[in-house]
file start-v2.txt (compact mmCIF, C-alpha atoms)
# COMPACT_ATOMS: atom_id res chain seq x y z
CA MET A 948 1.02 -37.42 76.66
CA PRO A 949 -0.50 -34.08 77.88
CA LEU A 950 2.35 -32.15 76.23
CA ASN A 951 1.86 -34.19 73.06
CA ILE A 952 -1.81 -33.28 72.95
CA ALA A 953 -1.08 -29.64 73.77
CA THR A 954 1.29 -29.19 70.84
CA SER A 955 -1.17 -30.96 68.54
CA LEU A 956 -3.85 -28.50 69.70
CA LEU A 957 -1.47 -25.65 68.79
CA SER A 958 -1.22 -27.04 65.27
CA THR A 959 -5.00 -27.12 65.05
CA PHE A 960 -5.34 -23.54 66.34
CA ALA A 961 -2.89 -22.40 63.64
CA ARG A 962 -5.37 -23.61 60.99
CA PRO A 963 -8.75 -23.03 62.71
CA ILE A 964 -10.95 -22.92 59.60
CA ASN A 965 -9.18 -25.46 57.41
CA GLY A 966 -9.66 -29.20 57.13
CA ILE A 967 -12.82 -29.45 59.21
CA ALA A 968 -16.02 -28.14 57.56
CA VAL A 969 -17.25 -29.93 54.43
CA SER A 970 -17.98 -27.50 51.61
CA ARG A 971 -19.65 -29.95 49.26
CA VAL A 972 -21.47 -33.25 49.76
CA GLY A 973 -21.65 -35.17 46.51
CA GLU A 974 -20.98 -38.56 44.99
CA LYS A 975 -17.61 -40.04 45.82
CA PRO A 976 -15.32 -41.26 43.04
CA ASP A 977 -15.51 -44.96 42.21
CA GLU A 978 -12.00 -45.59 43.51
CA PRO A 979 -10.32 -43.80 46.43
CA LEU A 980 -7.55 -41.35 45.63
CA GLN A 981 -3.99 -42.16 46.67
CA LEU A 982 -1.58 -39.75 48.34
CA TYR A 983 2.15 -40.22 48.92
CA ASP A 984 2.40 -38.23 52.11
CA ILE A 985 4.42 -37.13 55.13
CA GLU A 986 2.10 -36.29 58.02
CA ASN A 987 3.82 -33.14 59.30
CA CYS A 988 4.81 -31.82 55.87
CA PRO A 989 3.11 -28.41 55.48
CA TYR A 990 2.54 -28.99 51.76
CA CYS A 991 0.93 -32.38 52.32
CA ARG A 992 -1.34 -30.83 54.96
CA LEU A 993 -2.85 -28.48 52.37
CA VAL A 994 -3.93 -31.43 50.24
CA ARG A 995 -5.33 -33.36 53.19
CA GLU A 996 -7.32 -30.28 54.25
CA ALA A 997 -8.88 -30.07 50.80
CA LEU A 998 -9.71 -33.79 50.89
CA THR A 999 -11.57 -33.31 54.18
CA GLU A 1000 -13.43 -30.27 52.89
CA LEU A 1001 -14.49 -32.18 49.76
CA ASP A 1002 -15.42 -35.32 51.75
CA LEU A 1003 -13.08 -37.50 49.70
CA ASP A 1004 -11.62 -40.74 51.05
CA VAL A 1005 -7.94 -41.26 50.35
CA VAL A 1006 -5.37 -44.03 50.64
CA ILE A 1007 -2.37 -42.62 52.48
CA LEU A 1008 1.01 -44.07 51.49
CA PRO A 1009 3.34 -42.77 54.23
CA CYS A 1010 6.81 -41.63 53.19
CA PRO A 1011 8.68 -40.51 56.33
CA LYS A 1012 12.34 -39.58 56.16
CA GLN A 1013 14.57 -42.65 55.81
CA GLY A 1014 11.48 -44.64 54.85
CA SER A 1015 12.01 -47.68 52.66
CA ARG A 1016 8.45 -48.82 51.93
CA PHE A 1017 6.89 -46.19 49.67
CA ARG A 1018 9.65 -43.64 49.00
CA PRO A 1019 11.42 -45.87 46.43
CA GLU A 1020 8.05 -46.64 44.84
CA LEU A 1021 7.33 -42.93 44.43
CA GLU A 1022 10.76 -42.18 42.99
CA ALA A 1023 10.25 -44.92 40.40
CA ARG A 1024 6.77 -43.66 39.64
CA GLY A 1025 7.22 -39.90 39.58
CA GLY A 1026 10.96 -39.49 39.19
CA LYS A 1027 11.75 -37.77 42.49
CA ALA A 1028 11.10 -37.95 46.23
CA GLN A 1029 8.93 -34.85 46.49
CA PHE A 1030 5.75 -34.61 48.54
CA PRO A 1031 2.82 -34.61 48.24
CA TYR A 1032 2.13 -36.75 45.18
CA LEU A 1033 -1.46 -37.49 44.18
CA VAL A 1034 -2.66 -40.45 42.16
CA ASP A 1035 -6.25 -40.39 40.92
CA PRO A 1036 -7.11 -43.82 39.47
CA ASN A 1037 -10.47 -42.45 38.33
CA THR A 1038 -8.94 -40.07 35.81
CA GLY A 1039 -5.42 -41.46 35.42
CA LEU A 1040 -3.89 -38.20 36.65
CA GLU A 1041 -0.72 -38.18 38.77
CA MET A 1042 0.86 -34.98 40.00
CA TYR A 1043 3.21 -33.17 42.39
CA GLU A 1044 2.79 -29.62 43.85
CA SER A 1045 0.31 -29.10 46.65
CA LEU A 1046 -1.54 -26.04 45.36
CA ASP A 1047 -1.89 -27.60 41.90
CA ILE A 1048 -3.33 -30.70 43.54
CA VAL A 1049 -5.78 -28.64 45.63
CA GLU A 1050 -6.96 -26.82 42.52
CA TYR A 1051 -7.38 -30.12 40.66
CA LEU A 1052 -9.42 -31.60 43.51
CA TYR A 1053 -11.79 -28.64 43.68
CA GLU A 1054 -12.19 -28.41 39.92
CA THR A 1055 -12.75 -32.17 39.55
CA TYR A 1056 -14.74 -33.02 42.68
CA GLY A 1057 -16.02 -29.64 43.87
CA ASP A 1058 -17.62 -26.52 42.46
CA GLY A 1059 -14.44 -24.68 41.62
CA LEU A 1060 -11.59 -23.34 43.73
CA PRO A 1061 -12.84 -21.33 46.76
CA LEU A 1062 -11.49 -17.84 47.38
CA LYS A 1063 -9.40 -18.86 50.41
CA TRP A 1064 -7.48 -21.37 48.28
CA ARG A 1065 -6.72 -18.72 45.68
CA LEU A 1066 -4.49 -17.12 48.32
CA GLY A 1067 -1.96 -19.90 47.88
CA ALA A 1068 1.07 -18.23 49.47
CA LEU A 1069 -0.97 -17.35 52.56
CA GLN A 1070 -2.26 -20.92 52.88
CA THR A 1071 1.26 -22.32 52.59
CA ALA A 1072 2.58 -19.92 55.24
CA GLY A 1073 -0.24 -20.89 57.60
CA SER A 1074 0.45 -24.58 57.09
CA MET A 1075 4.14 -24.04 57.85
CA LEU A 1076 3.11 -22.35 61.08
CA ALA A 1077 0.95 -25.37 61.95
CA SER A 1078 3.89 -27.72 61.38
CA ALA A 1079 6.15 -25.86 63.80
CA PRO A 1080 4.78 -27.29 67.10
CA ARG A 1081 5.11 -30.86 65.76
CA THR A 1082 8.53 -30.56 64.11
CA ALA A 1083 9.83 -34.02 65.01
CA SER A 1084 6.52 -35.90 65.05
CA GLY A 1085 5.52 -38.24 62.24
CA MET A 1086 8.62 -37.42 60.22
CA ARG A 1087 11.16 -40.26 60.61
CA ALA A 1088 10.64 -43.92 59.84
CA ARG A 1089 10.26 -46.49 62.59
CA THR A 1090 8.96 -49.13 60.25
CA GLY A 1091 6.36 -51.57 61.50
CA ALA A 1092 4.88 -54.75 60.10
CA LEU A 1093 2.70 -54.45 57.01
CA PRO A 1094 -0.95 -55.47 57.60
CA GLU A 1095 -2.46 -57.81 55.03
CA GLU A 1096 -5.58 -55.67 54.68
CA MET A 1097 -5.51 -51.89 54.84
CA LEU A 1098 -6.45 -50.20 58.11
CA GLU A 1099 -9.27 -47.65 58.07
CA LEU A 1100 -9.03 -44.40 60.01
CA TYR A 1101 -12.12 -42.24 60.53
CA SER A 1102 -10.61 -38.79 60.76
CA PHE A 1103 -10.75 -35.16 59.72
CA GLU A 1104 -7.59 -33.25 59.03
CA SER A 1105 -7.71 -30.64 61.79
CA SER A 1106 -8.52 -33.08 64.62
CA PRO A 1107 -5.67 -32.80 67.17
CA TYR A 1108 -6.35 -36.35 68.40
CA ALA A 1109 -6.52 -37.94 64.95
CA ARG A 1110 -3.23 -36.20 64.13
CA LEU A 1111 -1.45 -38.23 66.81
CA VAL A 1112 -2.64 -41.46 65.20
CA ARG A 1113 -1.73 -40.33 61.71
CA GLU A 1114 1.77 -39.43 62.91
CA LYS A 1115 2.23 -42.93 64.35
CA LEU A 1116 1.01 -44.56 61.13
CA CYS A 1117 3.39 -42.37 59.14
CA GLU A 1118 6.38 -43.28 61.32
CA MET A 1119 5.51 -46.98 61.03
CA GLU A 1120 5.07 -46.68 57.25
CA ILE A 1121 1.69 -48.38 57.51
CA PRO A 1122 -0.64 -47.55 54.61
CA TYR A 1123 -4.23 -46.81 55.52
CA ILE A 1124 -7.41 -45.38 54.11
CA VAL A 1125 -8.77 -42.17 55.59
CA ARG A 1126 -12.55 -42.16 55.89
CA ASN A 1127 -12.98 -38.41 56.07
CA CYS A 1128 -15.51 -37.22 58.65
CA GLY A 1129 -15.68 -33.45 58.35
CA ARG A 1130 -18.55 -31.47 59.82
CA THR A 1131 -21.73 -30.34 58.09
CA GLU A 1132 -24.17 -29.87 60.99
CA LEU A 1133 -24.08 -27.34 63.82
CA ALA A 1134 -24.46 -30.04 66.50
CA GLU A 1135 -21.31 -31.76 65.23
CA TRP A 1136 -19.25 -28.89 66.61
CA LEU A 1137 -20.16 -29.98 70.13
CA LEU A 1138 -17.59 -32.23 71.78
CA PRO A 1139 -18.72 -35.89 72.06
CA PRO A 1140 -19.08 -35.74 75.89
CA VAL A 1141 -21.30 -32.66 75.52
CA ARG A 1142 -23.41 -34.35 72.86
CA LYS A 1143 -23.80 -37.34 75.16
CA LEU A 1144 -24.75 -35.14 78.12
CA LEU A 1145 -27.36 -33.29 76.07
CA ASN A 1146 -28.51 -36.49 74.36
CA VAL A 1147 -27.83 -34.97 70.95
CA THR A 1148 -27.22 -37.20 67.92
CA PRO A 1149 -26.43 -35.07 64.85
CA ASP A 1150 -28.13 -36.23 61.66
CA SER A 1151 -25.05 -36.03 59.44
CA ARG A 1152 -25.27 -35.92 55.67
CA LEU A 1153 -21.92 -37.69 55.34
CA ASP A 1154 -21.78 -41.40 54.56
CA ASN A 1155 -18.75 -42.00 56.79
CA ARG A 1156 -20.30 -40.37 59.84
CA ARG A 1157 -23.56 -42.22 59.25
CA HIS A 1158 -21.70 -45.52 58.91
CA LEU A 1159 -19.70 -44.94 62.10
CA GLN A 1160 -22.87 -44.00 64.00
CA HIS A 1161 -24.58 -47.19 62.78
CA MET A 1162 -21.55 -49.37 63.49
CA GLU A 1163 -20.60 -48.09 66.96
CA GLY A 1164 -23.62 -46.12 68.14
CA ARG A 1165 -21.69 -42.86 68.28
CA VAL A 1166 -19.33 -40.66 66.31
CA SER A 1167 -16.02 -39.66 67.86
CA ILE A 1168 -12.78 -38.92 66.06
CA PRO A 1169 -10.42 -40.69 65.67
CA TYR A 1170 -11.75 -44.18 65.17
CA LEU A 1171 -9.57 -46.99 63.82
CA PHE A 1172 -10.92 -50.18 62.30
CA ASP A 1173 -8.56 -53.08 61.61
CA PRO A 1174 -10.13 -55.56 59.17
CA ASN A 1175 -7.29 -57.99 59.90
CA THR A 1176 -8.52 -58.54 63.46
CA GLY A 1177 -12.05 -57.13 63.33
CA GLU A 1178 -11.14 -54.70 66.12
CA GLY A 1179 -12.34 -51.11 66.21
CA MET A 1180 -11.47 -48.46 68.76
CA PHE A 1181 -11.78 -44.78 69.65
CA GLU A 1182 -9.26 -42.75 71.69
CA SER A 1183 -5.87 -41.85 70.24
CA ALA A 1184 -3.83 -43.32 73.12
CA GLU A 1185 -5.60 -46.67 72.82
CA ILE A 1186 -5.15 -46.72 69.05
CA ILE A 1187 -1.43 -45.87 69.28
CA GLY A 1188 -0.91 -48.59 71.88
CA TYR A 1189 -2.72 -51.07 69.65
CA LEU A 1190 -0.59 -50.17 66.63
CA GLU A 1191 2.64 -50.54 68.60
CA ASN A 1192 1.61 -53.89 70.08
CA ARG A 1193 0.14 -55.33 66.91
CA TYR A 1194 2.44 -53.96 64.21
CA GLY A 1195 5.49 -52.59 66.02
CA GLY A 1196 8.93 -53.86 65.17
call {"tool": "encode", "arguments": {"input": "start-v2.txt", "output": "structure tokens"}}
result
Amino acid sequence: MPLNIATSLLSTFARPINGIAVSRVGEKPDEPLQLYDIENCPYCRLVREALTELDLDVVILPCPKQGSRFRPELEARGGKAQFPYLVDPNTGLEMYESLDIVEYLYETYGDGLPLKWRLGALQTAGSMLASAPRTASGMRARTGALPEEMLELYSFESSPYARLVREKLCEMEIPYIVRNCGRTELAEWLLPPVRKLLNVTPDSRLDNRRHLQHMEGRVSIPYLFDPNTGEGMFESAEIIGYLENRYGG
């Protein structure tokens, strides 16, 4: 496990300013977006980073290699097994190509495409670098049971601990909704143990962080809620163990 966390930290350090700080806090769309996704795909990462930065929730439909749950569905829908693929039920738009998707998200739900995202080739190269330490993680299907109701993962894209959970969900081909919990306040950059020690409770502007604080009395990422059992838990190792025991095989 320490090595697993260390390589996930390397992926985070490769993208230190992406997928963490929220650039715009506005009204969310009526229906969550849907993303056909492979967790360690560098192109998919670009889209997930933009979703965190725009504070948009998204239904993840995992499509690992040799997956049989959502890959055939995507091929029938879009005509090819290429990732990422975005579905926006609010506008009816469906599209491939990561940088096109990022531009669409910022134009539709933001204030226009930021300068850093205009450097598309540089962003893609950086995301490829971030994928390198996790080459074999979250890529191949080890299909699990399908929950009746969709799991909810409170996450932000660059979290090295949330990444471990997302990889497991991808391998198991378990769909889930990401409740994005990027950062807007200075105190949110303090680690949870430090916040606890200093008795600091950030007054977040984000609905998901506020909801998690109200529900559990603290905010720590990742947090998984399973509406099928009513169970909620922090800590990536605990969540992964729960997924394997509850939905494995």
call {"tool": "residues_near_point", "arguments": {"input": "start-v2.txt", "point": "(13.1, -46.2, 61.3)", "cutoff": "7 Å", "atoms": "only C-alpha atoms", "output": "list in words"}}
result
Gln1013, Gly1014, Arg1087, Ala1088, Arg1089 and Thr1090 of chain A
call {"tool": "atom_distance", "arguments": {"input": "start-v2.txt", "atom1": "CA of Leu957 in chain A", "atom2": "CA of Asn987 in chain A"}}
result
13.2 Å
call {"tool": "atom_distance", "arguments": {"input": "start-v2.txt", "atom1": "CA of Asp1173 in chain A", "atom2": "CA of Leu1008 in chain A"}}
result
16.6 Å
call {"tool": "closest_residue", "arguments": {"input": "start-v2.txt", "among": "A:Leu1076, A:Ala1023, A:Leu998, A:Leu1060", "to": "Ser958 in chain A", "atoms": "only C-alpha atoms"}}
result
A:Leu1076
call {"tool": "atom_distance", "arguments": {"input": "start-v2.txt", "atom1": "CA of Asn1175 in chain A", "atom2": "CA of Gly1039 in chain A"}}
result
29.6 Å
call {"tool": "axis_aligned_box", "arguments": {"input": "start-v2.txt", "around": "range 1050-1053 of chain A", "padding_each_side": "3 Å", "output": "JSON"}}
result
{"center_x": -9.4, "center_y": -29.2, "center_z": 42.2, "size_x": 10.8, "size_y": 10.8, "size_z": 9.0}
call {"tool": "residues_around", "arguments": {"input": "start-v2.txt", "residues": "range 1155-1164 of chain A", "least_positions_apart": "5", "cutoff": "7 Å", "atoms": "all atoms listed in the file", "output": "PyMOL selection string"}}
result
chain A and resi 1126-1128
call {"tool": "residues_around", "arguments": {"input": "start-v2.txt", "residues": "Glu1114 in chain A", "least_positions_apart": "3", "cutoff": "7 Å", "atoms": "all atoms listed in the file", "output": "PyMOL selection string"}}
result
chain A and resi 986+1084-1085+1110-1111+1117-1118
call {"tool": "write_last_selection", "arguments": {"input": "start-v2.txt", "atoms": "C-alpha atoms", "output": "PDB file, keeping the file's coordinate frame"}}
result
ATOM      1  CA  GLU A 986       2.100 -36.290  58.020  1.00  0.00           C
ATOM      2  CA  SER A1084       6.520 -35.900  65.050  1.00  0.00           C
ATOM      3  CA  GLY A1085       5.520 -38.240  62.240  1.00  0.00           C
ATOM      4  CA  ARG A1110      -3.230 -36.200  64.130  1.00  0.00           C
ATOM      5  CA  LEU A1111      -1.450 -38.230  66.810  1.00  0.00           C
ATOM      6  CA  CYS A1117       3.390 -42.370  59.140  1.00  0.00           C
ATOM      7  CA  GLU A1118       6.380 -43.280  61.320  1.00  0.00           C
TER       8      GLU A1118
END
call {"tool": "residues_around", "arguments": {"input": "start-v2.txt", "residues": "Lys1143 in chain A", "least_positions_apart": "4", "cutoff": "12 Å", "atoms": "all atoms listed in the file", "output": "JSON, numbers by chain"}}
result
{"A": [1134, 1135, 1137, 1138, 1139, 1147, 1148, 1149, 1164, 1165, 1166, 1167]}
call {"tool": "closest_residue", "arguments": {"input": "start-v2.txt", "among": "A:Asp977, A:Glu1041, A:Glu1020, A:Asp1002", "to": "Val1125 in chain A", "atoms": "all atoms listed in the file"}}
result
A:Asp1002
call {"tool": "closest_residue", "arguments": {"input": "start-v2.txt", "among": "A:Gly1129, A:Asn1037, A:Glu1099, A:Ala1079", "to": "Phe960 in chain A", "atoms": "only C-alpha atoms"}}
result
A:Ala1079
call {"tool": "closest_residue", "arguments": {"input": "start-v2.txt", "among": "A:Glu1191, A:Glu1120, A:Glu1000, A:Glu1095", "to": "Trp1064 in chain A", "atoms": "only C-alpha atoms"}}
result
A:Glu1000
call {"tool": "residues_near_point", "arguments": {"input": "start-v2.txt", "point": "(-6.6, -49.8, 62.1)", "cutoff": "9 Å", "atoms": "all atoms listed in the file", "output": "mmCIF file with C-alpha atoms, in the coordinates of the input"}}
result
data_model
loop_
_atom_site.group_PDB
_atom_site.id
_atom_site.type_symbol
_atom_site.label_atom_id
_atom_site.label_comp_id
_atom_site.auth_asym_id
_atom_site.auth_seq_id
_atom_site.Cartn_x
_atom_site.Cartn_y
_atom_site.Cartn_z
ATOM 1 C CA MET A 1097 -5.510 -51.890 54.840
ATOM 2 C CA LEU A 1098 -6.450 -50.200 58.110
ATOM 3 C CA GLU A 1099 -9.270 -47.650 58.070
ATOM 4 C CA LEU A 1100 -9.030 -44.400 60.010
ATOM 5 C CA TYR A 1123 -4.230 -46.810 55.520
ATOM 6 C CA TYR A 1170 -11.750 -44.180 65.170
ATOM 7 C CA LEU A 1171 -9.570 -46.990 63.820
ATOM 8 C CA PHE A 1172 -10.920 -50.180 62.300
ATOM 9 C CA ASP A 1173 -8.560 -53.080 61.610
ATOM 10 C CA PRO A 1174 -10.130 -55.560 59.170
ATOM 11 C CA ASN A 1175 -7.290 -57.990 59.900
ATOM 12 C CA GLU A 1178 -11.140 -54.700 66.120
ATOM 13 C CA GLY A 1179 -12.340 -51.110 66.210
ATOM 14 C CA MET A 1180 -11.470 -48.460 68.760
ATOM 15 C CA ILE A 1186 -5.150 -46.720 69.050
ATOM 16 C CA TYR A 1189 -2.720 -51.070 69.650
ATOM 17 C CA LEU A 1190 -0.590 -50.170 66.630
#
call {"tool": "residues_around", "arguments": {"input": "start-v2.txt", "residues": "Phe1103 in chain A", "least_positions_apart": "2", "cutoff": "8 Å", "atoms": "all atoms listed in the file", "output": "ChimeraX atom specification"}}
result
/A:966-967,999,1101,1105-1106,1109,1127-1129,1168
call {"tool": "closest_residue", "arguments": {"input": "start-v2.txt", "among": "A:Leu1001, A:Cys1010, A:Ile1048, A:Leu1066", "to": "Leu1116 in chain A", "atoms": "all atoms listed in the file"}}
result
A:Cys1010
